[in-house]
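**Student:** Provided below: model-v2.pdb, containing PDB, C-alpha atoms.
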```
MODEL        1
ATOM      1  CA  ASP A   1     120.860 101.021 110.451  1.00  0.00           C
ATOM      2  CA  THR A   2     117.309 102.238 109.950  1.00  0.00           C
ATOM      3  CA  GLU A   3     116.732 105.872 109.072  1.00  0.00           C
ATOM      4  CA  VAL A   4     113.252 105.740 110.537  1.00  0.00           C
ATOM      5  CA  THR A   5     113.471 106.143 114.313  1.00  0.00           C
ATOM      6  CA  GLN A   6     110.740 104.921 116.619  1.00  0.00           C
ATOM      7  CA  THR A   7     110.387 105.573 120.339  1.00  0.00           C
ATOM      8  CA  PRO A   8     109.951 103.990 122.753  1.00  0.00           C
ATOM      9  CA  LYS A   9     111.287 100.558 121.802  1.00  0.00           C
ATOM     10  CA  HIS A  10     109.117  98.868 124.420  1.00  0.00           C
ATOM     11  CA  LEU A  11     105.956 100.028 126.157  1.00  0.00           C
ATOM     12  CA  VAL A  12     103.843  98.340 128.798  1.00  0.00           C
ATOM     13  CA  MET A  13     100.575 100.013 129.678  1.00  0.00           C
ATOM     14  CA  GLY A  14      97.324  99.318 131.423  1.00  0.00           C
ATOM     15  CA  MET A  15      93.978  99.430 129.688  1.00  0.00           C
ATOM     16  CA  THR A  16      93.111 102.808 131.212  1.00  0.00           C
ATOM     17  CA  ASN A  17      96.390 104.554 130.352  1.00  0.00           C
ATOM     18  CA  LYS A  18      97.070 107.105 127.637  1.00  0.00           C
ATOM     19  CA  LYS A  19     100.376 106.907 125.844  1.00  0.00           C
ATOM     20  CA  SER A  20     101.900 107.917 122.520  1.00  0.00           C
ATOM     21  CA  LEU A  21     104.238 106.276 120.056  1.00  0.00           C
ATOM     22  CA  LYS A  22     106.592 108.486 118.109  1.00  0.00           C
ATOM     23  CA  CYS A  23     108.187 108.098 114.683  1.00  0.00           C
ATOM     24  CA  GLU A  24     110.731 110.381 113.045  1.00  0.00           C
ATOM     25  CA  GLN A  25     112.469 110.466 109.672  1.00  0.00           C
ATOM     26  CA  HIS A  26     114.775 113.035 108.093  1.00  0.00           C
ATOM     27  CA  MET A  27     114.964 111.630 104.589  1.00  0.00           C
ATOM     28  CA  GLY A  28     112.561 114.182 103.132  1.00  0.00           C
ATOM     29  CA  HIS A  29     109.908 111.517 102.682  1.00  0.00           C
ATOM     30  CA  ARG A  30     106.387 112.852 102.275  1.00  0.00           C
ATOM     31  CA  ALA A  31     104.418 109.692 103.008  1.00  0.00           C
ATOM     32  CA  MET A  32     104.383 108.036 106.437  1.00  0.00           C
ATOM     33  CA  TYR A  33     102.639 104.911 107.658  1.00  0.00           C
ATOM     34  CA  TRP A  34     101.618 103.013 110.777  1.00  0.00           C
ATOM     35  CA  TYR A  35     101.467  99.226 110.741  1.00  0.00           C
ATOM     36  CA  LYS A  36     100.525  96.644 113.366  1.00  0.00           C
ATOM     37  CA  GLN A  37     102.302  93.292 113.388  1.00  0.00           C
ATOM     38  CA  LYS A  38     101.272  90.286 115.457  1.00  0.00           C
ATOM     39  CA  ALA A  39     103.688  87.435 116.092  1.00  0.00           C
ATOM     40  CA  LYS A  40     104.443  85.232 113.072  1.00  0.00           C
ATOM     41  CA  LYS A  41     102.268  87.415 110.800  1.00  0.00           C
ATOM     42  CA  PRO A  42     103.019  90.047 108.164  1.00  0.00           C
ATOM     43  CA  PRO A  43     102.439  93.721 109.017  1.00  0.00           C
ATOM     44  CA  GLU A  44      98.913  95.084 108.653  1.00  0.00           C
ATOM     45  CA  LEU A  45      98.439  98.646 107.450  1.00  0.00           C
ATOM     46  CA  MET A  46      96.664 100.989 109.876  1.00  0.00           C
ATOM     47  CA  PHE A  47      97.115 104.565 108.595  1.00  0.00           C
ATOM     48  CA  VAL A  48      98.770 106.459 105.755  1.00  0.00           C
ATOM     49  CA  TYR A  49      99.707 110.124 105.779  1.00  0.00           C
ATOM     50  CA  SER A  50     100.580 111.832 102.542  1.00  0.00           C
ATOM     51  CA  TYR A  51     101.918 115.403 102.660  1.00  0.00           C
ATOM     52  CA  GLU A  52     100.867 115.561 106.326  1.00  0.00           C
ATOM     53  CA  LYS A  53      97.255 114.698 105.556  1.00  0.00           C
ATOM     54  CA  LEU A  54      95.576 111.445 106.523  1.00  0.00           C
ATOM     55  CA  SER A  55      94.894 109.619 103.259  1.00  0.00           C
ATOM     56  CA  ILE A  56      94.105 106.079 104.414  1.00  0.00           C
ATOM     57  CA  ASN A  57      92.502 104.762 107.598  1.00  0.00           C
ATOM     58  CA  GLU A  58      92.073 101.002 107.412  1.00  0.00           C
ATOM     59  CA  SER A  59      88.999 100.991 109.678  1.00  0.00           C
ATOM     60  CA  VAL A  60      91.169 101.233 112.773  1.00  0.00           C
ATOM     61  CA  PRO A  61      89.322 101.541 116.133  1.00  0.00           C
ATOM     62  CA  SER A  62      89.151 105.084 117.503  1.00  0.00           C
ATOM     63  CA  ARG A  63      91.272 104.115 120.525  1.00  0.00           C
ATOM     64  CA  PHE A  64      94.185 104.569 118.072  1.00  0.00           C
ATOM     65  CA  SER A  65      94.574 108.216 117.002  1.00  0.00           C
ATOM     66  CA  PRO A  66      97.289 109.212 114.526  1.00  0.00           C
ATOM     67  CA  GLU A  67      98.809 112.650 114.235  1.00  0.00           C
ATOM     68  CA  CYS A  68     101.308 114.140 111.791  1.00  0.00           C
ATOM     69  CA  PRO A  69     102.605 117.427 113.290  1.00  0.00           C
ATOM     70  CA  ASN A  70     105.053 118.003 110.418  1.00  0.00           C
ATOM     71  CA  SER A  71     106.604 116.197 107.483  1.00  0.00           C
ATOM     72  CA  SER A  72     109.241 114.498 109.666  1.00  0.00           C
ATOM     73  CA  LEU A  73     107.116 113.348 112.586  1.00  0.00           C
ATOM     74  CA  LEU A  74     104.319 110.845 113.016  1.00  0.00           C
ATOM     75  CA  ASN A  75     102.633 110.038 116.304  1.00  0.00           C
ATOM     76  CA  LEU A  76     100.182 107.356 117.336  1.00  0.00           C
ATOM     77  CA  HIS A  77      98.127 108.243 120.409  1.00  0.00           C
ATOM     78  CA  LEU A  78      96.809 105.308 122.407  1.00  0.00           C
ATOM     79  CA  HIS A  79      93.880 105.325 124.817  1.00  0.00           C
ATOM     80  CA  ALA A  80      91.839 102.584 126.485  1.00  0.00           C
ATOM     81  CA  LEU A  81      93.571  99.785 124.602  1.00  0.00           C
ATOM     82  CA  GLN A  82      92.611  96.133 124.881  1.00  0.00           C
ATOM     83  CA  PRO A  83      94.890  93.134 125.524  1.00  0.00           C
ATOM     84  CA  GLU A  84      94.495  92.080 121.878  1.00  0.00           C
ATOM     85  CA  ASP A  85      96.178  95.350 120.877  1.00  0.00           C
ATOM     86  CA  SER A  86      99.479  93.971 122.169  1.00  0.00           C
ATOM     87  CA  ALA A  87     101.737  93.809 119.105  1.00  0.00           C
ATOM     88  CA  LEU A  88     104.739  95.307 117.366  1.00  0.00           C
ATOM     89  CA  TYR A  89     103.827  98.732 115.938  1.00  0.00           C
ATOM     90  CA  LEU A  90     105.882  99.683 112.930  1.00  0.00           C
ATOM     91  CA  CYS A  91     106.306 103.055 111.326  1.00  0.00           C
ATOM     92  CA  ALA A  92     107.407 103.427 107.706  1.00  0.00           C
ATOM     93  CA  SER A  93     108.086 106.259 105.301  1.00  0.00           C
ATOM     94  CA  SER A  94     108.491 106.652 101.567  1.00  0.00           C
ATOM     95  CA  LEU A  95     109.455 109.439  99.196  1.00  0.00           C
ATOM     96  CA  ALA A  96     105.918 109.472  97.870  1.00  0.00           C
ATOM     97  CA  GLY A  97     102.906 107.218  98.243  1.00  0.00           C
ATOM     98  CA  ASP A  98     103.866 104.877  95.413  1.00  0.00           C
ATOM     99  CA  GLN A  99     107.562 104.526  96.304  1.00  0.00           C
ATOM    100  CA  PRO A 100     109.360 101.813  98.344  1.00  0.00           C
ATOM    101  CA  GLN A 101     108.698 102.024 102.061  1.00  0.00           C
ATOM    102  CA  HIS A 102     111.424 102.095 104.699  1.00  0.00           C
ATOM    103  CA  PHE A 103     110.566 100.764 108.132  1.00  0.00           C
ATOM    104  CA  GLY A 104     111.674 101.582 111.649  1.00  0.00           C
ATOM    105  CA  ASP A 105     112.512  98.960 114.263  1.00  0.00           C
ATOM    106  CA  GLY A 106     109.104  99.235 115.854  1.00  0.00           C
ATOM    107  CA  THR A 107     107.640  99.687 119.312  1.00  0.00           C
ATOM    108  CA  ARG A 108     106.738  96.479 121.108  1.00  0.00           C
ATOM    109  CA  LEU A 109     103.526  97.230 122.979  1.00  0.00           C
ATOM    110  CA  SER A 110     102.111  95.106 125.790  1.00  0.00           C
ATOM    111  CA  ILE A 111      98.682  95.820 127.274  1.00  0.00           C
ATOM    112  CA  LEU A 112      98.093  94.495 130.771  1.00  0.00           C
TER     113      LEU A 112
ATOM    114  CA  GLY B   1      91.616  90.248  94.887  1.00  0.00           C
ATOM    115  CA  GLU B   2      95.271  90.950  95.508  1.00  0.00           C
ATOM    116  CA  ASP B   3      97.228  88.106  97.081  1.00  0.00           C
ATOM    117  CA  VAL B   4     100.876  87.214  97.637  1.00  0.00           C
ATOM    118  CA  GLU B   5     101.901  83.657  98.481  1.00  0.00           C
ATOM    119  CA  GLN B   6     105.172  82.182  99.654  1.00  0.00           C
ATOM    120  CA  SER B   7     106.258  79.013 101.404  1.00  0.00           C
ATOM    121  CA  LEU B   8     106.570  79.241 105.178  1.00  0.00           C
ATOM    122  CA  PHE B   9     109.949  77.594 105.775  1.00  0.00           C
ATOM    123  CA  LEU B  10     113.300  77.039 104.069  1.00  0.00           C
ATOM    124  CA  SER B  11     116.359  75.312 105.537  1.00  0.00           C
ATOM    125  CA  VAL B  12     119.727  75.728 103.839  1.00  0.00           C
ATOM    126  CA  ARG B  13     123.244  74.611 104.624  1.00  0.00           C
ATOM    127  CA  GLU B  14     125.717  77.388 105.366  1.00  0.00           C
ATOM    128  CA  GLY B  15     127.616  78.352 102.205  1.00  0.00           C
ATOM    129  CA  ASP B  16     124.911  77.085  99.844  1.00  0.00           C
ATOM    130  CA  SER B  17     122.539  79.301  97.871  1.00  0.00           C
ATOM    131  CA  SER B  18     119.050  80.022  99.197  1.00  0.00           C
ATOM    132  CA  VAL B  19     116.159  80.562  96.821  1.00  0.00           C
ATOM    133  CA  ILE B  20     112.935  81.973  98.219  1.00  0.00           C
ATOM    134  CA  ASN B  21     109.945  81.957  95.886  1.00  0.00           C
ATOM    135  CA  CYS B  22     106.804  84.050  95.770  1.00  0.00           C
ATOM    136  CA  THR B  23     103.730  84.296  93.564  1.00  0.00           C
ATOM    137  CA  TYR B  24     101.428  87.274  93.277  1.00  0.00           C
ATOM    138  CA  THR B  25      98.124  87.955  91.605  1.00  0.00           C
ATOM    139  CA  ASP B  26      98.055  91.625  90.586  1.00  0.00           C
ATOM    140  CA  SER B  27      99.565  91.940  87.115  1.00  0.00           C
ATOM    141  CA  SER B  28      99.528  95.755  87.354  1.00  0.00           C
ATOM    142  CA  SER B  29     101.968  95.870  90.291  1.00  0.00           C
ATOM    143  CA  THR B  30     104.505  98.667  89.965  1.00  0.00           C
ATOM    144  CA  TYR B  31     107.101  97.485  92.469  1.00  0.00           C
ATOM    145  CA  LEU B  32     107.854  94.087  93.974  1.00  0.00           C
ATOM    146  CA  TYR B  33     109.837  93.921  97.204  1.00  0.00           C
ATOM    147  CA  TRP B  34     111.804  91.671  99.459  1.00  0.00           C
ATOM    148  CA  TYR B  35     111.904  92.629 103.120  1.00  0.00           C
ATOM    149  CA  LYS B  36     114.008  90.916 105.796  1.00  0.00           C
ATOM    150  CA  GLN B  37     112.937  90.749 109.441  1.00  0.00           C
ATOM    151  CA  GLU B  38     115.329  89.485 112.085  1.00  0.00           C
ATOM    152  CA  PRO B  39     113.986  88.419 115.503  1.00  0.00           C
ATOM    153  CA  GLY B  40     112.820  91.389 117.551  1.00  0.00           C
ATOM    154  CA  ALA B  41     113.528  93.872 114.765  1.00  0.00           C
ATOM    155  CA  GLY B  42     111.586  95.862 112.212  1.00  0.00           C
ATOM    156  CA  LEU B  43     111.490  95.224 108.483  1.00  0.00           C
ATOM    157  CA  GLN B  44     114.582  95.943 106.418  1.00  0.00           C
ATOM    158  CA  LEU B  45     114.031  96.769 102.756  1.00  0.00           C
ATOM    159  CA  LEU B  46     116.413  94.225 101.288  1.00  0.00           C
ATOM    160  CA  THR B  47     115.846  94.901  97.610  1.00  0.00           C
ATOM    161  CA  TYR B  48     113.094  95.735  95.161  1.00  0.00           C
ATOM    162  CA  ILE B  49     112.453  95.463  91.456  1.00  0.00           C
ATOM    163  CA  PHE B  50     110.397  97.632  89.175  1.00  0.00           C
ATOM    164  CA  SER B  51     107.821  95.759  87.160  1.00  0.00           C
ATOM    165  CA  ASN B  52     109.493  96.505  83.804  1.00  0.00           C
ATOM    166  CA  MET B  53     112.660  94.659  84.855  1.00  0.00           C
ATOM    167  CA  ASP B  54     113.370  90.914  84.698  1.00  0.00           C
ATOM    168  CA  MET B  55     116.371  90.713  86.978  1.00  0.00           C
ATOM    169  CA  LYS B  56     118.236  92.741  89.549  1.00  0.00           C
ATOM    170  CA  GLN B  57     121.532  91.817  91.170  1.00  0.00           C
ATOM    171  CA  ASP B  58     123.023  93.411  94.265  1.00  0.00           C
ATOM    172  CA  GLN B  59     126.103  91.705  95.711  1.00  0.00           C
ATOM    173  CA  ARG B  60     124.922  88.318  97.056  1.00  0.00           C
ATOM    174  CA  LEU B  61     121.279  88.987  96.175  1.00  0.00           C
ATOM    175  CA  THR B  62     119.632  88.218  92.846  1.00  0.00           C
ATOM    176  CA  VAL B  63     115.971  88.970  92.195  1.00  0.00           C
ATOM    177  CA  LEU B  64     114.215  87.336  89.254  1.00  0.00           C
ATOM    178  CA  LEU B  65     110.811  88.454  88.013  1.00  0.00           C
ATOM    179  CA  ASN B  66     108.664  86.382  85.659  1.00  0.00           C
ATOM    180  CA  LYS B  67     105.715  88.604  84.846  1.00  0.00           C
ATOM    181  CA  LYS B  68     104.013  86.022  82.689  1.00  0.00           C
ATOM    182  CA  ASP B  69     103.819  83.553  85.572  1.00  0.00           C
ATOM    183  CA  LYS B  70     103.590  86.299  88.245  1.00  0.00           C
ATOM    184  CA  HIS B  71     106.537  84.724  90.016  1.00  0.00           C
ATOM    185  CA  LEU B  72     109.242  86.487  92.001  1.00  0.00           C
ATOM    186  CA  SER B  73     112.316  84.876  93.512  1.00  0.00           C
ATOM    187  CA  LEU B  74     115.150  85.930  95.774  1.00  0.00           C
ATOM    188  CA  ARG B  75     118.453  84.104  95.564  1.00  0.00           C
ATOM    189  CA  ILE B  76     120.999  84.586  98.334  1.00  0.00           C
ATOM    190  CA  ALA B  77     124.440  83.323  97.343  1.00  0.00           C
ATOM    191  CA  ASP B  78     126.858  81.876  99.921  1.00  0.00           C
ATOM    192  CA  THR B  79     124.225  81.890 102.683  1.00  0.00           C
ATOM    193  CA  GLN B  80     125.570  82.858 106.099  1.00  0.00           C
ATOM    194  CA  THR B  81     124.210  82.492 109.636  1.00  0.00           C
ATOM    195  CA  GLY B  82     123.414  86.216 109.602  1.00  0.00           C
ATOM    196  CA  ASP B  83     120.920  85.555 106.828  1.00  0.00           C
ATOM    197  CA  SER B  84     118.650  83.718 109.276  1.00  0.00           C
ATOM    198  CA  ALA B  85     115.441  85.728 109.294  1.00  0.00           C
ATOM    199  CA  ILE B  86     111.919  85.927 107.938  1.00  0.00           C
ATOM    200  CA  TYR B  87     111.769  87.140 104.356  1.00  0.00           C
ATOM    201  CA  PHE B  88     108.593  88.877 103.194  1.00  0.00           C
ATOM    202  CA  CYS B  89     107.702  89.164  99.546  1.00  0.00           C
ATOM    203  CA  ALA B  90     105.449  92.141  98.822  1.00  0.00           C
ATOM    204  CA  GLU B  91     103.837  93.933  95.919  1.00  0.00           C
ATOM    205  CA  SER B  92     102.671  97.472  95.379  1.00  0.00           C
ATOM    206  CA  PRO B  93      99.468  97.182  93.342  1.00  0.00           C
ATOM    207  CA  ASP B  94      99.028  99.976  90.865  1.00  0.00           C
ATOM    208  CA  SER B  95      95.380 100.167  91.816  1.00  0.00           C
ATOM    209  CA  SER B  96      96.187 100.861  95.458  1.00  0.00           C
ATOM    210  CA  ALA B  97      99.019 103.351  95.590  1.00  0.00           C
ATOM    211  CA  SER B  98     100.492 103.612  99.114  1.00  0.00           C
ATOM    212  CA  LYS B  99      99.456 100.065 100.006  1.00  0.00           C
ATOM    213  CA  ILE B 100     101.830  97.129 100.145  1.00  0.00           C
ATOM    214  CA  ILE B 101     100.435  93.615 100.000  1.00  0.00           C
ATOM    215  CA  PHE B 102     102.681  91.290 102.013  1.00  0.00           C
ATOM    216  CA  GLY B 103     103.092  87.558 101.741  1.00  0.00           C
ATOM    217  CA  SER B 104     103.000  85.509 104.926  1.00  0.00           C
ATOM    218  CA  GLY B 105     106.807  85.400 105.127  1.00  0.00           C
ATOM    219  CA  THR B 106     109.382  82.614 104.655  1.00  0.00           C
ATOM    220  CA  ARG B 107     111.470  81.673 107.673  1.00  0.00           C
ATOM    221  CA  LEU B 108     115.010  80.919 106.487  1.00  0.00           C
ATOM    222  CA  SER B 109     117.090  78.777 108.809  1.00  0.00           C
ATOM    223  CA  ILE B 110     120.740  77.988 108.271  1.00  0.00           C
ATOM    224  CA  ARG B 111     122.249  74.654 109.283  1.00  0.00           C
ATOM    225  CA  PRO B 112     125.985  74.135 109.749  1.00  0.00           C
TER     226      PRO B 112
ENDMDL
END
```
Give the structure from the file, written as structure tokens.
**Tutor:**
Amino acid sequence: DTEVTQTPKHLVMGMTNKKSLKCEQHMGHRAMYWYKQKAKKPPELMFVYSYEKLSINESVPSRFSPECPNSSLLNLHLHALQPEDSALYLCASSLAGDQPQHFGDGTRLSIL
Amino acid sequence: GEDVEQSLFLSVREGDSSVINCTYTDSSSTYLYWYKQEPGAGLQLLTYIFSNMDMKQDQRLTVLLNKKDKHLSLRIADTQTGDSAIYFCAESPDSSASKIIFGSGTRLSIRP
């Protein structure tokens, strides 16, 4: 069982909708991550938060907006997405930035 | 640049050992990982090895690290149908703390 919880598990949205993905961990980890994974590909890093501050943005389009309200929560706000944004979005956390990362089960996102 | 390579497919008979191989380029990597991804699921941190170790054993799993050849392997003893999954090799380059470089993944299939 994963100790990183992601909600919702599935999300279908239109290109004009606004939605948010949520990630939660209670392991005391201070680094949290968002990844995007397309079918049959490895995950691609999107954002890294370290001690609740954004430390890495891998040139992600502004229609994806991350937020870290506290050390246990990580959100990904979505607005005006494109069909090519359909993918599995994975959240991960680690004790610190250079420690092994633990992943959630992901949110499968479909853009109509 | 940093790169991780692994073969795409492996087919093994149930009960036999599976050996999944991986090569990497960054000799300063701190951690090397094996992640398992079952269909429709997130990534499970299967095991990892610190770069100053040569071998790590955990029940049916044995990880071997050859730093000279930059080669990492995962051996699964007594392979079962539940081991069917994609296995990702990954490294944590010392130069890029917080980033994991993933291989393309090896799909392990089990035949009766």
**Student:** If the cut-off is 12 Å, can you tell me the residues of chain B near chain A, counting only C-alpha atoms? I'd like them as a PyMOL selection string.
**Tutor:** chain B and resi 4-6+8-9+29-50+85-107
**Student:** With all atoms listed in the file as the counted atoms, please give the residues lying no more than 12 Å from Asp85 (chain A), apart from itself and same-chain residues fewer than 3 positions off, as a list in words.
**Tutor:** Val12, Met13, Gly14, Met15, Lys36, Gln37, Lys38, Ala39, Val60, Pro61, Arg63, Phe64, Leu78, His79, Ala80, Leu81, Gln82, Leu88, Tyr89, Arg108, Leu109, Ser110, Ile111 and Leu112 of chain A
**Student:** Calculated over all atoms listed in the file, which of the candidates B:Ser17, B:Thr25, B:Ser11, B:Gln57 has the smallest distance to His71 (chain B)?
**Tutor:** B:Thr25
**Student:** What does the distance from CA of Thr16 (chain A) to CA of Ser65 (chain A) come to in Å, to one decimal?
**Tutor:**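 Answer for the CA of Thr16 (chain A) to CA of Ser65 (chain A) separation: 15.3 Å.
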**Student:** Can you pull out the residues contacting Arg111 (chain B)? Cut-off 9 Å, using all atoms listed in the file, and skip same-chain residues under 5 positions away; I want them as a VMD selection string.
**Tutor:** chain B and resid 11 to 14 81
**Student:** Given all atoms listed in the file as the basis, pick out the residue of B:Leu10, B:Met55, B:Cys22, B:Val63 nearest to Ala77 (chain B).
**Tutor:** B:Val63
**Student:** Which residues are near Ser72 (chain A)? Cut-off 12 Å, all atoms listed in the file, ignore same chain within fewer than 3 positions. Put them as a list in words.
**Tutor:**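 Near neighbours after the sequence-gap exclusion: Glu3, Val4, Thr5, Gln6, Lys22, Cys23, Glu24, Gln25, His26, Met27, Gly28, His29, Arg30, Ala31, Met32, Tyr33, Tyr49, Ser50, Tyr51, Glu52, Glu67, Cys68, Pro69, Asn75, Cys91, Ala92, Ser93, Ser94 and Leu95 of chain A.
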**Student:** For Leu73 (chain A), which residue out of A:Ser59, A:Leu21, A:Tyr35, A:Ser86 is the nearest one, using only C-alpha atoms?
**Tutor:** A:Leu21
**Student:** Please report the interatomic distance between CA of Asp26 (chain B) and CA of Leu72 (chain B) in Å with one decimal.
**Tutor:**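 Pair CA of Asp26 (chain B) / CA of Leu72 (chain B) returns 12.4 Å.
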**Student:** One decimal, in Å: what's the spacing between CA of Pro8 (chain A) and CA of Glu84 (chain A)?
**Tutor:** 19.5 Å
**Student:** Using the chain letters and numbers from the file, give me the residues hit by the PyMOL selection byres ((chain B and resi 68) around 12), as a list of chain:residue names.
**Tutor:**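 Output from the PyMOL selection byres ((chain B and resi 68) around 12), applied to this file: B:Thr23, B:Tyr24, B:Thr25, B:Asp26, B:Ser27, B:Ser28, B:Ser51, B:Asn52, B:Asp54, B:Leu65, B:Asn66, B:Lys67, B:Asp69, B:Lys70, B:His71, B:Leu72.
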**Student:** Edge lengths and centre, in Å to one decimal, as lines of an AutoDock Vina configuration file: that's what I need for the box along x, y and z that holds all listed atoms of region 24-31 of chain A plus 4 Å on each side.
**Tutor:**
```
center_x = 109.7
center_y = 111.9
center_z = 107.7
size_x = 18.5
size_y = 12.5
size_z = 18.8
```
